[in-house]
$ cat input-v9.tsv   # TSV, C-alpha atoms
chain	number	residue	atom	x	y	z
A	126	MET	CA	-2.50	-27.31	15.45
A	127	LEU	CA	-2.14	-26.37	11.79
A	128	LYS	CA	-5.35	-26.44	9.82
A	129	ASN	CA	-5.82	-27.79	6.31
A	130	LYS	CA	-7.24	-24.49	5.11
A	131	ALA	CA	-4.21	-22.61	6.39
A	132	LEU	CA	-1.86	-25.08	4.72
A	133	ARG	CA	-3.71	-24.73	1.42
A	134	THR	CA	-3.54	-20.94	1.71
A	135	ALA	CA	0.18	-21.10	2.45
A	136	VAL	CA	0.85	-23.29	-0.60
A	137	ILE	CA	-1.15	-20.92	-2.81
A	138	ASN	CA	0.72	-17.91	-1.39
A	139	ILE	CA	4.11	-19.51	-2.00
A	140	SER	CA	3.14	-20.54	-5.55
A	141	VAL	CA	1.88	-17.09	-6.48
A	142	THR	CA	4.93	-15.41	-4.98
A	143	LEU	CA	7.32	-17.76	-6.78
A	144	LEU	CA	5.56	-17.03	-10.05
A	145	SER	CA	5.85	-13.31	-9.38
A	146	MET	CA	9.54	-13.84	-8.53
A	147	PHE	CA	10.14	-15.38	-11.95
A	148	LEU	CA	8.32	-12.52	-13.66
A	149	PHE	CA	10.19	-9.92	-11.60
A	150	PHE	CA	13.54	-11.60	-12.36
A	151	GLY	CA	12.62	-11.57	-16.05
A	152	VAL	CA	11.91	-7.84	-15.98
A	153	VAL	CA	15.06	-7.09	-14.01
A	154	SER	CA	17.17	-9.26	-16.34
A	155	ALA	CA	15.76	-7.49	-19.39
A	156	LEU	CA	16.55	-4.11	-17.85
A	157	VAL	CA	20.07	-5.21	-16.94
A	158	LEU	CA	20.71	-6.42	-20.50
A	159	LYS	CA	19.39	-3.15	-21.96
A	160	MET	CA	21.49	-0.99	-19.62
A	161	ASN	CA	24.73	-3.04	-19.84
A	162	ILE	CA	25.15	-3.33	-16.06
A	163	ASN	CA	28.30	-4.93	-14.70
A	164	ASN	CA	28.07	-8.55	-13.45
A	165	ARG	CA	29.00	-7.45	-9.93
A	166	HIS	CA	26.02	-5.12	-9.85
A	167	PHE	CA	23.76	-7.84	-11.25
A	168	ASN	CA	24.60	-10.02	-8.23
A	169	LEU	CA	23.55	-7.21	-5.90
A	170	ILE	CA	20.35	-6.60	-7.86
A	171	SER	CA	19.46	-10.30	-7.79
A	172	LEU	CA	20.11	-10.41	-4.03
A	173	ILE	CA	17.70	-7.50	-3.54
A	174	VAL	CA	15.07	-9.23	-5.70
A	175	CYS	CA	15.48	-12.47	-3.71
A	176	LEU	CA	15.06	-10.62	-0.42
A	177	MET	CA	11.97	-8.80	-1.68
A	178	CYS	CA	10.40	-12.09	-2.77
A	179	SER	CA	11.40	-13.79	0.49
A	180	THR	CA	9.73	-10.97	2.39
A	181	ALA	CA	6.52	-11.36	0.40
A	182	ILE	CA	6.50	-15.16	0.73
A	183	SER	CA	7.11	-15.27	4.47
A	184	PHE	CA	4.76	-12.41	5.30
A	185	SER	CA	1.84	-13.84	3.30
A	186	THR	CA	2.44	-17.39	4.53
A	187	VAL	CA	2.69	-16.51	8.20
A	188	LEU	CA	-0.39	-14.28	8.01
A	189	SER	CA	-2.43	-17.34	7.06
A	190	TYR	CA	-1.17	-19.28	10.11
A	191	ARG	CA	-0.80	-16.51	12.72
A	192	GLU	CA	1.54	-18.67	14.79
A	193	ARG	CA	5.18	-19.81	14.88
A	194	GLY	CA	6.41	-16.90	12.78
A	195	LEU	CA	10.12	-17.66	13.12
A	196	VAL	CA	9.90	-21.25	11.94
A	197	ILE	CA	7.23	-20.86	9.25
A	198	GLY	CA	8.74	-17.62	8.00
A	199	SER	CA	12.18	-19.11	7.54
A	200	LEU	CA	10.84	-22.34	6.02
A	201	SER	CA	8.63	-20.50	3.55
A	202	GLY	CA	11.73	-19.46	1.63
A	203	VAL	CA	12.83	-23.07	1.05
A	204	PRO	CA	11.18	-23.39	-2.40
A	205	MET	CA	12.96	-20.24	-3.52
A	206	ILE	CA	16.26	-21.53	-2.13
A	207	ILE	CA	15.83	-24.83	-3.97
A	208	ILE	CA	15.25	-22.97	-7.24
A	209	LEU	CA	18.27	-20.73	-6.54
A	210	LEU	CA	20.51	-23.75	-5.91
A	211	ILE	CA	19.31	-25.54	-9.06
A	212	VAL	CA	19.89	-22.45	-11.19
A	213	SER	CA	23.33	-22.00	-9.64
A	214	LEU	CA	24.28	-25.61	-10.36
A	215	VAL	CA	23.02	-25.49	-13.94
A	216	PHE	CA	24.37	-22.11	-15.05
A	217	LYS	CA	27.43	-21.60	-12.85
A	218	GLY	CA	28.44	-25.22	-12.35
A	219	GLY	CA	28.49	-25.01	-8.56
A	220	PHE	CA	28.06	-22.81	-5.55
A	221	ASN	CA	30.03	-19.68	-4.85
A	222	TYR	CA	30.08	-17.33	-1.88
A	223	PHE	CA	27.26	-15.24	-3.35
A	224	VAL	CA	24.84	-18.20	-3.38
A	225	ILE	CA	25.67	-19.06	0.23
A	226	ILE	CA	25.18	-15.43	1.31
A	227	THR	CA	21.86	-15.31	-0.56
A	228	VAL	CA	20.63	-18.51	1.12
A	229	PHE	CA	21.43	-17.18	4.60
A	230	ALA	CA	19.88	-13.82	3.75
A	231	ILE	CA	16.67	-15.50	2.55
A	232	PHE	CA	16.41	-17.50	5.78
A	233	LEU	CA	17.11	-14.43	7.90
A	234	CYS	CA	14.69	-12.21	6.00
A	235	GLY	CA	12.00	-14.90	6.13
A	236	ALA	CA	12.41	-15.33	9.87
A	237	LEU	CA	12.29	-11.59	10.57
A	238	CYS	CA	9.25	-11.05	8.38
A	239	GLY	CA	7.57	-14.07	9.94
A	240	ILE	CA	8.01	-12.56	13.39
A	241	LEU	CA	6.67	-9.23	12.15
A	242	ALA	CA	3.67	-10.91	10.53
A	243	VAL	CA	2.74	-12.77	13.71
A	244	ASN	CA	2.98	-9.60	15.77
A	245	LYS	CA	1.07	-7.50	13.24
A	246	LYS	CA	-2.12	-6.19	14.75
A	247	SER	CA	-5.34	-6.61	12.86
A	248	LYS	CA	-6.85	-3.47	11.31
A	249	LYS	CA	-10.27	-4.46	12.59
A	250	ARG	CA	-11.10	-2.54	15.71
A	251	LYS	CA	-13.81	-3.52	18.06
A	252	ILE	CA	-16.13	-0.70	18.86
A	253	LYS	CA	-17.28	-0.58	22.42
A	254	ILE	CA	-20.64	0.95	22.95
A	255	LYS	CA	-21.20	2.59	26.29
A	256	ARG	CA	-24.71	2.39	27.64
$ encode --input "input-v9.tsv" --output "structure tokens"
Amino acid sequence: MLKNKALRTAVINISVTLLSMFLFFGVVSALVLKMNINNRHFNLISLIVCLMCSTAISFSTVLSYRERGLVIGSLSGVPMIIILLIVSLVFKGGFNYFVIITVFAIFLCGALCGILAVNKKSKKRKIKIKR
């Protein structure tokens, strides 16, 4: 059963990661404007940033639960997907193939990182004392 403390931790992790995503996108956008990068390359850069943020969100969220990594990992990217879809509707006027690819990539990356987070072994080692 999911605990309230774990849910609160997951919400905090998602909020902090989404805030860092906005900051990271701001830095990347400023660099792209300074360097005059082609629009095609900007799509690739934004896909990489989305996948990095999806990895961070799913890994930190699933670590707080330590169960159901596939489901929780893939669902932890939903707030980021909602923001991506809203931004795509507002600025591009609709969805294109890049948005659809990004949504599937976020789900896939979240699921894989969720599985990895569940299977991650703790760094704490129990010391056995022989008597």
$ residues_around --input "input-v9.tsv" --residues "region 203-208 of chain A" --least-positions-apart "4" --cutoff "9 Å" --atoms "only C-alpha atoms" --output "list in words"
Ile139, Leu143, Met146, Cys175, Cys178, Ser179, Ser199, Val212, Ser213, Thr227, Val228, Ile231 and Phe232 of chain A
$ residues_near_point --input "input-v9.tsv" --point "(10.8, -11.6, 12.3)" --cutoff "12 Å" --atoms "all atoms listed in the file" --output "list in words"
Thr180, Ser183, Phe184, Val187, Glu192, Arg193, Gly194, Leu195, Val196, Ile197, Gly198, Ser199, Phe232, Leu233, Cys234, Gly235, Ala236, Leu237, Cys238, Gly239, Ile240, Leu241, Ala242, Val243, Asn244 and Lys245 of chain A
$ residues_near_point --input "input-v9.tsv" --point "(-4.8, -16.7, 8.7)" --cutoff "10 Å" --atoms "all atoms listed in the file" --output "number ranges by chain"
A: 128, 130-132, 134-135, 185-192, 243
$ atom_distance --input "input-v9.tsv" --atom1 "CA of Leu156 (chain A)" --atom2 "CA of Ser171 (chain A)"
12.2 Å
$ residues_around --input "input-v9.tsv" --residues "Phe223 (chain A)" --least-positions-apart "5" --cutoff "10 Å" --atoms "only C-alpha atoms" --output "list in words"
Asn168, Leu169, Leu172 and Val228 of chain A
$ write_last_selection --input "input-v9.tsv" --atoms "C-alpha atoms" --output "compact mmCIF listing (two decimals), in the frame of the given file"
# COMPACT_ATOMS: atom_id res chain seq x y z
CA ASN A 168 24.60 -10.02 -8.23
CA LEU A 169 23.55 -7.21 -5.90
CA LEU A 172 20.11 -10.41 -4.03
CA VAL A 228 20.63 -18.51 1.12
$ atom_distance --input "input-v9.tsv" --atom1 "CA of Met160 (chain A)" --atom2 "CA of Leu176 (chain A)"
22.4 Å
$ closest_residue --input "input-v9.tsv" --among "A:Ile182, A:Val224, A:Val215, A:Val153" --to "Leu200 (chain A)" --atoms "all atoms listed in the file"
A:Ile182
$ atom_distance --input "input-v9.tsv" --atom1 "CA of Ala181 (chain A)" --atom2 "CA of Lys159 (chain A)"
27.1 Å
$ closest_residue --input "input-v9.tsv" --among "A:Leu158, A:Gly202, A:Ile170, A:Asn163" --to "Ser140 (chain A)" --atoms "only C-alpha atoms"
A:Gly202
